[in-house]
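S.K.: Hey, dropping model34.txt in here, compact mmCIF, N, CA and C atoms and all ligand atoms:
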```txt
# COMPACT_ATOMS: atom_id res chain seq x y z
N MET V 100 12.33 -7.41 -8.64
CA MET V 100 11.80 -7.50 -10.00
C MET V 100 12.26 -6.26 -10.78
N SER V 101 13.12 -6.45 -11.77
CA SER V 101 13.63 -5.31 -12.50
C SER V 101 12.51 -4.65 -13.30
N GLY V 102 12.52 -3.33 -13.33
CA GLY V 102 11.50 -2.59 -14.06
C GLY V 102 10.28 -2.27 -13.24
N CYS V 103 10.18 -2.79 -12.04
CA CYS V 103 9.01 -2.52 -11.19
C CYS V 103 9.24 -1.23 -10.40
N ILE V 104 8.32 -0.28 -10.58
CA ILE V 104 8.45 1.03 -9.92
C ILE V 104 8.53 0.87 -8.40
N PHE V 105 7.69 0.02 -7.85
CA PHE V 105 7.66 -0.08 -6.38
C PHE V 105 8.87 -0.82 -5.84
N CYS V 106 9.44 -1.76 -6.61
CA CYS V 106 10.71 -2.36 -6.19
C CYS V 106 11.81 -1.30 -6.21
N LYS V 107 11.77 -0.40 -7.18
CA LYS V 107 12.77 0.68 -7.24
C LYS V 107 12.60 1.64 -6.08
N ILE V 108 11.35 1.92 -5.70
CA ILE V 108 11.11 2.76 -4.51
C ILE V 108 11.63 2.04 -3.27
N ARG V 109 11.34 0.74 -3.15
CA ARG V 109 11.87 -0.06 -2.02
C ARG V 109 13.39 0.03 -1.95
N ASP V 110 14.06 -0.01 -3.10
CA ASP V 110 15.52 -0.02 -3.14
C ASP V 110 16.12 1.38 -3.10
N GLY V 111 15.28 2.41 -3.07
CA GLY V 111 15.78 3.79 -3.02
C GLY V 111 16.23 4.32 -4.36
N GLU V 112 15.94 3.58 -5.44
CA GLU V 112 16.35 4.03 -6.78
C GLU V 112 15.40 5.11 -7.29
N ILE V 113 14.18 5.11 -6.79
CA ILE V 113 13.22 6.18 -7.06
C ILE V 113 12.88 6.79 -5.71
N PRO V 114 12.98 8.12 -5.57
CA PRO V 114 12.69 8.74 -4.27
C PRO V 114 11.22 8.63 -3.90
N SER V 115 10.96 8.56 -2.61
CA SER V 115 9.58 8.54 -2.13
C SER V 115 9.55 9.17 -0.75
N ASN V 116 8.36 9.53 -0.35
CA ASN V 116 8.15 10.11 0.97
C ASN V 116 7.66 9.00 1.90
N ARG V 117 8.58 8.38 2.61
CA ARG V 117 8.26 7.20 3.41
C ARG V 117 7.58 7.59 4.71
N VAL V 118 6.55 6.87 5.06
CA VAL V 118 5.87 7.13 6.33
C VAL V 118 5.99 5.95 7.29
N TYR V 119 6.36 4.78 6.80
CA TYR V 119 6.50 3.60 7.67
C TYR V 119 7.37 2.56 6.97
N GLU V 120 8.19 1.89 7.78
CA GLU V 120 8.99 0.80 7.23
C GLU V 120 9.31 -0.19 8.34
N ASP V 121 9.21 -1.47 8.03
CA ASP V 121 9.77 -2.51 8.90
C ASP V 121 10.45 -3.53 7.99
N ASP V 122 10.77 -4.70 8.52
CA ASP V 122 11.55 -5.64 7.71
C ASP V 122 10.74 -6.25 6.57
N LYS V 123 9.43 -6.17 6.64
CA LYS V 123 8.59 -6.81 5.61
C LYS V 123 7.78 -5.85 4.76
N VAL V 124 7.55 -4.65 5.28
CA VAL V 124 6.57 -3.74 4.68
C VAL V 124 7.15 -2.33 4.55
N LEU V 125 6.71 -1.64 3.51
CA LEU V 125 7.08 -0.23 3.31
C LEU V 125 5.82 0.54 2.96
N ALA V 126 5.71 1.77 3.50
CA ALA V 126 4.60 2.65 3.14
C ALA V 126 5.14 4.02 2.80
N PHE V 127 4.58 4.59 1.74
CA PHE V 127 5.04 5.90 1.26
C PHE V 127 3.87 6.66 0.68
N LYS V 128 3.99 7.99 0.62
CA LYS V 128 2.89 8.81 0.14
C LYS V 128 2.66 8.58 -1.35
N ASP V 129 1.39 8.50 -1.72
CA ASP V 129 1.04 8.37 -3.14
C ASP V 129 1.41 9.67 -3.85
N ILE V 130 1.99 9.55 -5.03
CA ILE V 130 2.43 10.72 -5.78
C ILE V 130 1.25 11.55 -6.28
N ASN V 131 0.08 10.94 -6.34
CA ASN V 131 -1.12 11.61 -6.84
C ASN V 131 -2.26 11.41 -5.85
N PRO V 132 -2.19 12.06 -4.69
CA PRO V 132 -3.15 11.76 -3.61
C PRO V 132 -4.58 12.13 -3.96
N VAL V 133 -5.52 11.28 -3.51
CA VAL V 133 -6.94 11.54 -3.74
C VAL V 133 -7.64 12.00 -2.46
N ALA V 134 -6.88 12.11 -1.38
CA ALA V 134 -7.41 12.54 -0.08
C ALA V 134 -6.27 13.18 0.69
N PRO V 135 -6.58 13.93 1.76
CA PRO V 135 -5.50 14.56 2.53
C PRO V 135 -4.44 13.57 3.01
N PHE V 136 -4.88 12.35 3.32
CA PHE V 136 -3.92 11.29 3.68
C PHE V 136 -4.06 10.18 2.67
N HIS V 137 -3.00 9.88 1.96
CA HIS V 137 -3.03 8.82 0.95
C HIS V 137 -1.64 8.21 0.85
N VAL V 138 -1.50 7.04 1.45
CA VAL V 138 -0.24 6.34 1.34
C VAL V 138 -0.47 4.98 0.70
N LEU V 139 0.60 4.44 0.16
CA LEU V 139 0.59 3.10 -0.43
C LEU V 139 1.38 2.19 0.48
N ILE V 140 0.80 1.06 0.83
CA ILE V 140 1.49 0.07 1.66
C ILE V 140 1.82 -1.12 0.79
N ILE V 141 3.09 -1.45 0.75
CA ILE V 141 3.54 -2.56 -0.11
C ILE V 141 4.35 -3.57 0.71
N PRO V 142 4.32 -4.84 0.30
CA PRO V 142 5.29 -5.78 0.87
C PRO V 142 6.64 -5.54 0.21
N LYS V 143 7.71 -5.78 0.93
CA LYS V 143 9.04 -5.61 0.32
C LYS V 143 9.29 -6.66 -0.75
N VAL V 144 8.70 -7.83 -0.57
CA VAL V 144 8.83 -8.87 -1.59
C VAL V 144 7.92 -8.54 -2.77
N HIS V 145 8.40 -8.81 -3.98
CA HIS V 145 7.59 -8.52 -5.16
C HIS V 145 6.54 -9.60 -5.38
N ILE V 146 5.27 -9.20 -5.26
CA ILE V 146 4.12 -10.04 -5.61
C ILE V 146 3.26 -9.18 -6.51
N GLU V 147 2.85 -9.70 -7.66
CA GLU V 147 2.18 -8.84 -8.63
C GLU V 147 0.81 -8.35 -8.16
N SER V 148 0.02 -9.24 -7.61
CA SER V 148 -1.34 -8.86 -7.26
C SER V 148 -1.94 -9.92 -6.35
N VAL V 149 -3.17 -9.70 -5.92
CA VAL V 149 -3.88 -10.69 -5.13
C VAL V 149 -3.92 -12.04 -5.86
N ASN V 150 -3.94 -11.99 -7.18
CA ASN V 150 -4.00 -13.24 -7.96
C ASN V 150 -2.78 -14.13 -7.76
N GLU V 151 -1.68 -13.54 -7.29
CA GLU V 151 -0.45 -14.32 -7.10
C GLU V 151 -0.25 -14.74 -5.64
N LEU V 152 -1.23 -14.45 -4.78
CA LEU V 152 -1.11 -14.90 -3.39
C LEU V 152 -1.27 -16.41 -3.30
N ASN V 153 -0.54 -17.00 -2.38
CA ASN V 153 -0.66 -18.43 -2.13
C ASN V 153 -0.36 -18.71 -0.66
N GLU V 154 -0.38 -19.98 -0.31
CA GLU V 154 -0.20 -20.35 1.11
C GLU V 154 1.10 -19.81 1.69
N SER V 155 2.13 -19.72 0.87
CA SER V 155 3.45 -19.35 1.40
C SER V 155 3.70 -17.85 1.44
N ASN V 156 2.90 -17.05 0.71
CA ASN V 156 3.16 -15.60 0.74
C ASN V 156 1.99 -14.78 1.28
N VAL V 157 0.90 -15.43 1.64
CA VAL V 157 -0.30 -14.69 2.06
C VAL V 157 -0.08 -13.93 3.37
N ASN V 158 0.92 -14.31 4.14
CA ASN V 158 1.20 -13.56 5.37
C ASN V 158 1.54 -12.11 5.10
N THR V 159 1.99 -11.81 3.88
CA THR V 159 2.30 -10.41 3.55
C THR V 159 1.07 -9.53 3.71
N VAL V 160 -0.11 -10.08 3.44
CA VAL V 160 -1.34 -9.29 3.57
C VAL V 160 -1.61 -8.97 5.05
N ALA V 161 -1.35 -9.94 5.91
CA ALA V 161 -1.48 -9.68 7.35
C ALA V 161 -0.47 -8.62 7.79
N ASP V 162 0.75 -8.72 7.28
CA ASP V 162 1.78 -7.73 7.62
C ASP V 162 1.33 -6.33 7.20
N ILE V 163 0.70 -6.22 6.03
CA ILE V 163 0.22 -4.93 5.54
C ILE V 163 -0.86 -4.38 6.47
N HIS V 164 -1.73 -5.24 6.93
CA HIS V 164 -2.80 -4.77 7.83
C HIS V 164 -2.25 -4.33 9.17
N LEU V 165 -1.26 -5.04 9.69
CA LEU V 165 -0.64 -4.61 10.95
C LEU V 165 0.08 -3.28 10.76
N ALA V 166 0.71 -3.10 9.61
CA ALA V 166 1.36 -1.82 9.31
C ALA V 166 0.32 -0.71 9.23
N ALA V 167 -0.81 -0.99 8.60
CA ALA V 167 -1.88 0.02 8.49
C ALA V 167 -2.34 0.46 9.87
N LYS V 168 -2.48 -0.48 10.76
CA LYS V 168 -2.90 -0.15 12.14
C LYS V 168 -1.88 0.78 12.79
N LYS V 169 -0.61 0.49 12.64
CA LYS V 169 0.44 1.35 13.23
C LYS V 169 0.44 2.72 12.57
N ILE V 170 0.32 2.75 11.26
CA ILE V 170 0.32 4.04 10.53
C ILE V 170 -0.88 4.88 10.98
N ALA V 171 -2.02 4.22 11.18
CA ALA V 171 -3.21 4.95 11.65
C ALA V 171 -2.96 5.54 13.03
N GLU V 172 -2.35 4.78 13.91
CA GLU V 172 -2.07 5.28 15.25
C GLU V 172 -1.10 6.46 15.19
N GLU V 173 -0.10 6.35 14.34
CA GLU V 173 0.96 7.38 14.28
C GLU V 173 0.49 8.65 13.59
N ASN V 174 -0.60 8.57 12.83
CA ASN V 174 -1.05 9.72 12.04
C ASN V 174 -2.43 10.22 12.44
N GLY V 175 -2.90 9.82 13.62
CA GLY V 175 -4.16 10.34 14.14
C GLY V 175 -5.39 9.86 13.42
N LEU V 176 -5.29 8.71 12.76
CA LEU V 176 -6.43 8.20 12.00
C LEU V 176 -7.16 7.05 12.69
N LYS V 177 -6.58 6.55 13.76
CA LYS V 177 -7.12 5.33 14.38
C LYS V 177 -8.59 5.50 14.75
N ASP V 178 -8.93 6.60 15.38
CA ASP V 178 -10.31 6.79 15.84
C ASP V 178 -11.18 7.47 14.79
N LYS V 179 -10.57 8.25 13.90
CA LYS V 179 -11.36 8.94 12.86
C LYS V 179 -11.81 7.99 11.77
N GLY V 180 -10.94 7.04 11.43
CA GLY V 180 -11.25 6.09 10.37
C GLY V 180 -10.44 6.33 9.12
N TYR V 181 -10.38 5.30 8.32
CA TYR V 181 -9.60 5.34 7.08
C TYR V 181 -10.06 4.17 6.22
N ARG V 182 -9.62 4.17 4.99
CA ARG V 182 -10.04 3.12 4.05
C ARG V 182 -8.81 2.45 3.45
N LEU V 183 -8.83 1.14 3.39
CA LEU V 183 -7.79 0.36 2.70
C LEU V 183 -8.38 -0.17 1.41
N ILE V 184 -7.68 0.08 0.31
CA ILE V 184 -8.18 -0.34 -1.01
C ILE V 184 -7.10 -1.10 -1.75
N ASN V 185 -7.49 -2.23 -2.31
CA ASN V 185 -6.60 -2.96 -3.21
C ASN V 185 -7.26 -3.07 -4.58
N ASN V 186 -6.53 -2.67 -5.60
CA ASN V 186 -6.99 -2.86 -6.97
C ASN V 186 -6.26 -4.07 -7.54
N CYS V 187 -7.02 -5.01 -8.10
CA CYS V 187 -6.43 -6.22 -8.67
C CYS V 187 -6.82 -6.33 -10.13
N GLY V 188 -5.85 -6.13 -11.01
CA GLY V 188 -6.08 -6.34 -12.43
C GLY V 188 -6.63 -5.13 -13.15
N SER V 189 -6.74 -5.27 -14.47
CA SER V 189 -6.99 -4.12 -15.33
C SER V 189 -8.36 -3.49 -15.11
N GLU V 190 -9.41 -4.28 -14.96
CA GLU V 190 -10.74 -3.68 -14.81
C GLU V 190 -10.90 -2.99 -13.46
N ALA V 191 -10.04 -3.34 -12.51
CA ALA V 191 -10.05 -2.65 -11.22
C ALA V 191 -9.16 -1.40 -11.24
N GLY V 192 -8.40 -1.24 -12.33
CA GLY V 192 -7.55 -0.06 -12.45
C GLY V 192 -6.17 -0.22 -11.86
N GLN V 193 -5.72 -1.47 -11.66
CA GLN V 193 -4.36 -1.65 -11.14
C GLN V 193 -3.36 -1.23 -12.21
N THR V 194 -2.54 -0.25 -11.88
CA THR V 194 -1.56 0.27 -12.84
C THR V 194 -0.13 -0.13 -12.49
N VAL V 195 0.12 -0.45 -11.24
CA VAL V 195 1.46 -0.89 -10.83
C VAL V 195 1.34 -2.34 -10.37
N MET V 196 2.07 -3.22 -11.06
CA MET V 196 1.91 -4.66 -10.81
C MET V 196 2.85 -5.14 -9.71
N HIS V 197 2.73 -4.48 -8.59
CA HIS V 197 3.37 -4.91 -7.33
C HIS V 197 2.28 -4.67 -6.29
N ILE V 198 1.79 -5.75 -5.69
CA ILE V 198 0.60 -5.65 -4.83
C ILE V 198 0.77 -4.51 -3.83
N HIS V 199 -0.29 -3.73 -3.69
CA HIS V 199 -0.25 -2.57 -2.78
C HIS V 199 -1.66 -2.27 -2.30
N TYR V 200 -1.72 -1.67 -1.13
CA TYR V 200 -2.98 -1.23 -0.56
C TYR V 200 -2.93 0.28 -0.40
N HIS V 201 -3.93 0.95 -0.95
CA HIS V 201 -4.09 2.38 -0.73
C HIS V 201 -4.67 2.57 0.67
N MET V 202 -4.06 3.44 1.45
CA MET V 202 -4.60 3.81 2.76
C MET V 202 -4.98 5.28 2.67
N ILE V 203 -6.29 5.51 2.76
CA ILE V 203 -6.84 6.83 2.45
C ILE V 203 -7.64 7.34 3.65
N GLY V 204 -7.46 8.60 3.95
CA GLY V 204 -8.21 9.18 5.05
C GLY V 204 -7.96 10.68 5.14
N GLY V 205 -8.29 11.22 6.31
CA GLY V 205 -8.09 12.65 6.53
C GLY V 205 -9.27 13.49 6.13
N LYS V 206 -10.36 12.85 5.69
CA LYS V 206 -11.61 13.54 5.40
C LYS V 206 -12.73 12.51 5.47
N ASN V 207 -13.97 12.98 5.44
CA ASN V 207 -15.10 12.05 5.43
C ASN V 207 -15.18 11.42 4.03
N LEU V 208 -15.00 10.12 3.94
CA LEU V 208 -14.97 9.43 2.65
C LEU V 208 -16.35 8.97 2.20
N GLY V 209 -17.35 9.14 3.05
CA GLY V 209 -18.69 8.71 2.67
C GLY V 209 -18.84 7.20 2.73
N THR V 210 -19.96 6.72 2.20
CA THR V 210 -20.26 5.30 2.30
C THR V 210 -20.18 4.57 0.98
N ALA V 211 -20.01 5.30 -0.12
CA ALA V 211 -19.98 4.65 -1.43
C ALA V 211 -18.68 3.89 -1.60
N ILE V 212 -18.75 2.68 -2.14
CA ILE V 212 -17.53 1.89 -2.40
C ILE V 212 -16.85 2.43 -3.64
N ILE V 213 -17.59 2.78 -4.65
CA ILE V 213 -16.98 3.39 -5.84
C ILE V 213 -17.75 4.67 -6.18
P1 LIG I 301 -3.16 1.38 -8.65
O1 LIG I 301 -3.99 2.12 -9.66
O2 LIG I 301 -2.18 0.43 -9.30
O3 LIG I 301 -3.97 0.73 -7.58
O4 LIG I 301 -2.34 2.50 -7.89
C1 LIG I 301 -1.04 2.86 -8.21
C2 LIG I 301 -0.75 4.13 -7.46
O5 LIG I 301 0.64 4.37 -7.52
C3 LIG I 301 -1.44 5.38 -8.03
O6 LIG I 301 -2.30 5.94 -7.05
C4 LIG I 301 -0.27 6.30 -8.39
O7 LIG I 301 -0.53 7.65 -8.09
C5 LIG I 301 0.86 5.73 -7.56
N1 LIG I 301 2.18 5.92 -8.14
C6 LIG I 301 2.55 5.60 -9.41
N2 LIG I 301 3.86 5.87 -9.60
C7 LIG I 301 4.32 6.36 -8.41
C8 LIG I 301 5.60 6.81 -7.98
O8 LIG I 301 6.59 6.82 -8.71
N3 LIG I 301 5.69 7.25 -6.70
C9 LIG I 301 4.62 7.25 -5.83
N4 LIG I 301 4.84 7.71 -4.60
N5 LIG I 301 3.40 6.82 -6.22
C10 LIG I 301 3.25 6.38 -7.49
ZN ZN I 302 7.98 -4.91 -7.44
```
Can you give me the file's structure in the form of structure tokens?
Ligand code: 5GP
Ligand code: ZN

M.R.:
Amino acid sequence: MSGCIFCKIRDGEIPSNRVYEDDKVLAFKDINPVAPFHVLIIPKVHIESVNELNESNVNTVADIHLAAKKIAEENGLKDKGYRLINNCGSEAGQTVMHIHYHMIGGKNLGTAII
């Protein structure tokens, strides 16, 4: 998708600090971290948001979760815990319209959802 920041990161047109990659998923450090560990996990295929998921592309969400599990193992978060967050649409604060999950950890995040 031309003009999409995360597609440009996927294609190497915008530099990023990659922490995980396989044939379907890419994860890289958030440019504006809110916790000691903050990466964004994206599918390589361009899907705007949860609203655009359907029967044929919903497997990307499973791929993201399997990637999160591996990233947690590789970064010492598996037993400590971490949070996966998806923002969908304007009232949720989604600013990049390429579906992504924030993976946040490295400190006690508390119990509040917002
Ligand atoms: P959203 O608010 O859409 O859920 O989250 C978008 C995230 O993308 C934000 O946390 C923001 O810091 C991050 N972000 C925006 N542009 C870039 C970029 O060019 N590189 C990286 N690594 N992160 C970005
Ligand atoms: Zn994209």

S.K.: With all atoms listed in the file as the basis for distance, which of V:Ile184, V:Ile203, V:Val149, V:Ile163 is at the shortest distance from ligand LIG 301 (chain I)?

M.R.: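 Of all the options, V:Ile184 lies closest to ligand LIG 301 (chain I).
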
S.K.: Could you go through chain V and tell me which residues DSSP, when run on the backbone, assigns to strand (DSSP E), listing them as a ChimeraX atom specification?

M.R.: /V:117-120,124-128,136-142,181-184,200-204

S.K.: Output as AutoDock Vina command-line options the centre and edge lengths (Å, one decimal) of the box along x, y and z of the file that holds every listed atom of ligand LIG 301 (chain I) after adding 4 Å on each side.

M.R.:
```
--center_x 1.3 --center_y 4.1 --center_z -7.1 --size_x 18.6 --size_y 15.3 --size_z 13.1
```

S.K.: Using only C-alpha atoms and all ligand atoms, what are the residues with an atom within 10 Å of ligand ZN 302 (chain I), set out as an NGL selection string?

M.R.: :V and (100-110 or 141-147 or 195-199)

S.K.: As a PyMOL selection string, please: every protein or nucleic acid residue near ligand LIG 301 (chain I) (cut-off 10 Å, counting only C-alpha atoms and all ligand atoms).

M.R.: chain V and resi 103-105+107-108+113-117+126-133+137-139+148+184-189+191-201

S.K.: Interatomic distance between atom C of Asp162 in chain V and CA of Asp122 in chain V?

M.R.: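 Taking atom C of Asp162 in chain V and CA of Asp122 in chain V, their separation equals 10.3 Å.
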
S.K.: Run DSSP on the backbone of this structure and report the residues of range 101-188 of chain V it assigns to helix (DSSP H, G or I), as a list in words.

M.R.: Ile104, Phe105, Cys106, Lys107, Ile108, Arg109, Val149, Asn150, Glu151, Asn158, Thr159, Val160, Ala161, Asp162, Ile163, His164, Leu165, Ala166, Ala167, Lys168, Lys169, Ile170, Ala171, Glu172 and Glu173 of chain V

S.K.: For Thr159 in chain V, which of V:Val124, V:Gly205, V:Pro135, V:Ile212 is the closest residue, counting all atoms listed in the file?

M.R.: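 That would be V:Val124, the residue with the smallest distance to Thr159 in chain V.
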
S.K.: Please report the interatomic distance between atom N of His164 in chain V and CA of Ala211 in chain V in Å with one decimal.

M.R.: 22.4 Å

S.K.: Which residue out of V:Met202, V:Val160, V:Ile213, V:Leu152 has the minimum interatomic distance to Leu176 in chain V when only C-alpha atoms are used?

M.R.: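 Smallest distance to Leu176 in chain V is found for V:Met202.
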
S.K.: Just to confirm, what's the straight-line distance from CA of Arg182 in chain V to atom C of Leu165 in chain V in Å (one decimal)?

M.R.: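 These two atoms are separated by 13.7 Å.
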
S.K.: Let me make sure I understand: among V:Leu183, V:Gly204, V:Glu112, V:Ala166, which one has the smallest atom-to-atom distance to Ala134 in chain V if we use only N, CA and C atoms?

M.R.: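 When distances to Ala134 in chain V are compared using only N, CA and C atoms, the smallest one comes from V:Gly204.
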
S.K.: Between V:Glu172, V:Tyr181, V:Lys123, V:Phe136, single out the one closest to Asn158 in chain V, counting only C-alpha atoms.

M.R.: V:Lys123

S.K.: Given the block above, output range 100-196 of chain V with C-alpha atoms as a JSON list (two decimals), in the first residue's frame.

M.R.:
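Generated output (selection_8.json):
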```
[["chain", "number", "residue", "atom", "x", "y", "z"],
["V", 100, "MET", "CA", 0.00, 0.00, 0.00],
["V", 101, "SER", "CA", 1.77, 3.16, -1.17],
["V", 102, "GLY", "CA", 2.02, 5.87, 1.45],
["V", 103, "CYS", "CA", 1.70, 3.46, 4.37],
["V", 104, "ILE", "CA", 4.49, 3.99, 6.92],
["V", 105, "PHE", "CA", 4.49, 0.37, 8.07],
["V", 106, "CYS", "CA", 4.58, -0.97, 4.50],
["V", 107, "LYS", "CA", 7.62, 1.28, 3.97],
["V", 108, "ILE", "CA", 9.22, -0.12, 7.13],
["V", 109, "ARG", "CA", 8.45, -3.65, 5.86],
["V", 110, "ASP", "CA", 10.13, -2.80, 2.54],
["V", 111, "GLY", "CA", 13.15, -1.15, 4.21],
["V", 112, "GLU", "CA", 12.31, 2.27, 2.77],
["V", 113, "ILE", "CA", 12.03, 3.63, 6.32],
["V", 114, "PRO", "CA", 14.65, 2.36, 8.80],
["V", 115, "SER", "CA", 13.52, 0.49, 11.89],
["V", 116, "ASN", "CA", 15.00, -1.48, 14.73],
["V", 117, "ARG", "CA", 13.77, -4.99, 13.93],
["V", 118, "VAL", "CA", 13.42, -7.51, 16.72],
["V", 119, "TYR", "CA", 11.64, -10.35, 14.87],
["V", 120, "GLU", "CA", 10.80, -11.35, 11.33],
["V", 121, "ASP", "CA", 9.38, -14.38, 9.56],
["V", 122, "ASP", "CA", 7.63, -14.84, 6.23],
["V", 123, "LYS", "CA", 4.34, -13.40, 7.49],
["V", 124, "VAL", "CA", 5.14, -11.08, 10.39],
["V", 125, "LEU", "CA", 7.54, -8.27, 11.27],
["V", 126, "ALA", "CA", 8.23, -6.70, 14.67],
["V", 127, "PHE", "CA", 10.22, -3.55, 15.34],
["V", 128, "LYS", "CA", 10.76, -1.13, 18.20],
["V", 129, "ASP", "CA", 8.21, 1.65, 18.56],
["V", 130, "ILE", "CA", 9.79, 5.02, 17.79],
["V", 131, "ASN", "CA", 8.07, 6.51, 20.85],
["V", 132, "PRO", "CA", 8.21, 3.79, 23.53],
["V", 133, "VAL", "CA", 5.85, 3.96, 26.52],
["V", 134, "ALA", "CA", 7.65, 1.20, 28.45],
["V", 135, "PRO", "CA", 11.17, -0.27, 28.61],
["V", 136, "PHE", "CA", 10.05, -2.86, 26.05],
["V", 137, "HIS", "CA", 7.73, -1.61, 23.32],
["V", 138, "VAL", "CA", 7.60, -3.21, 19.93],
["V", 139, "LEU", "CA", 5.02, -3.16, 17.17],
["V", 140, "ILE", "CA", 4.03, -6.45, 15.56],
["V", 141, "ILE", "CA", 2.59, -6.17, 12.07],
["V", 142, "PRO", "CA", 1.53, -8.58, 9.35],
["V", 143, "LYS", "CA", 3.58, -8.17, 6.19],
["V", 144, "VAL", "CA", 0.35, -7.97, 4.22],
["V", 145, "HIS", "CA", -1.38, -4.59, 4.38],
["V", 146, "ILE", "CA", -4.63, -4.76, 6.38],
["V", 147, "GLU", "CA", -5.92, -1.45, 7.68],
["V", 148, "SER", "CA", -7.42, -2.53, 10.98],
["V", 149, "VAL", "CA", -9.45, -5.17, 12.80],
["V", 150, "ASN", "CA", -12.43, -3.82, 10.84],
["V", 151, "GLU", "CA", -10.92, -5.22, 7.64],
["V", 152, "LEU", "CA", -10.39, -8.76, 8.97],
["V", 153, "ASN", "CA", -12.31, -11.51, 7.25],
["V", 154, "GLU", "CA", -12.31, -15.29, 6.88],
["V", 155, "SER", "CA", -9.40, -15.24, 4.43],
["V", 156, "ASN", "CA", -7.01, -12.91, 6.30],
["V", 157, "VAL", "CA", -7.81, -13.52, 9.98],
["V", 158, "ASN", "CA", -4.94, -16.00, 10.25],
["V", 159, "THR", "CA", -2.63, -12.98, 10.34],
["V", 160, "VAL", "CA", -3.83, -12.34, 13.90],
["V", 161, "ALA", "CA", -2.84, -15.86, 14.92],
["V", 162, "ASP", "CA", 0.54, -15.33, 13.25],
["V", 163, "ILE", "CA", 0.99, -12.14, 15.30],
["V", 164, "HIS", "CA", 0.24, -13.97, 18.52],
["V", 165, "LEU", "CA", 2.70, -16.75, 17.72],
["V", 166, "ALA", "CA", 5.31, -14.09, 16.96],
["V", 167, "ALA", "CA", 4.55, -12.39, 20.29],
["V", 168, "LYS", "CA", 5.16, -15.66, 22.09],
["V", 169, "LYS", "CA", 8.55, -16.07, 20.39],
["V", 170, "ILE", "CA", 9.51, -12.44, 21.01],
["V", 171, "ALA", "CA", 8.61, -12.88, 24.68],
["V", 172, "GLU", "CA", 10.79, -15.96, 24.94],
["V", 173, "GLU", "CA", 13.70, -14.25, 23.19],
["V", 174, "ASN", "CA", 13.51, -11.11, 25.33],
["V", 175, "GLY", "CA", 12.98, -12.55, 28.80],
["V", 176, "LEU", "CA", 9.33, -11.55, 29.02],
["V", 177, "LYS", "CA", 7.67, -14.96, 28.89],
["V", 178, "ASP", "CA", 7.48, -15.46, 32.64],
["V", 179, "LYS", "CA", 7.42, -11.79, 33.69],
["V", 180, "GLY", "CA", 4.46, -10.89, 31.51],
["V", 181, "TYR", "CA", 3.65, -8.38, 28.82],
["V", 182, "ARG", "CA", 0.66, -6.70, 27.23],
["V", 183, "LEU", "CA", -0.61, -6.86, 23.65],
["V", 184, "ILE", "CA", -2.69, -3.88, 22.57],
["V", 185, "ASN", "CA", -4.54, -3.20, 19.35],
["V", 186, "ASN", "CA", -6.04, 0.20, 18.63],
["V", 187, "CYS", "CA", -8.83, 0.14, 16.05],
["V", 188, "GLY", "CA", -10.09, 3.40, 14.62],
["V", 189, "SER", "CA", -9.99, 7.03, 15.61],
["V", 190, "GLU", "CA", -11.59, 6.92, 19.07],
["V", 191, "ALA", "CA", -9.14, 4.19, 20.04],
["V", 192, "GLY", "CA", -6.25, 6.37, 18.87],
["V", 193, "GLN", "CA", -5.16, 4.35, 15.84],
["V", 194, "THR", "CA", -2.77, 6.63, 13.98],
["V", 195, "VAL", "CA", -1.21, 4.19, 11.50],
["V", 196, "MET", "CA", -3.75, 2.42, 9.31]]
```
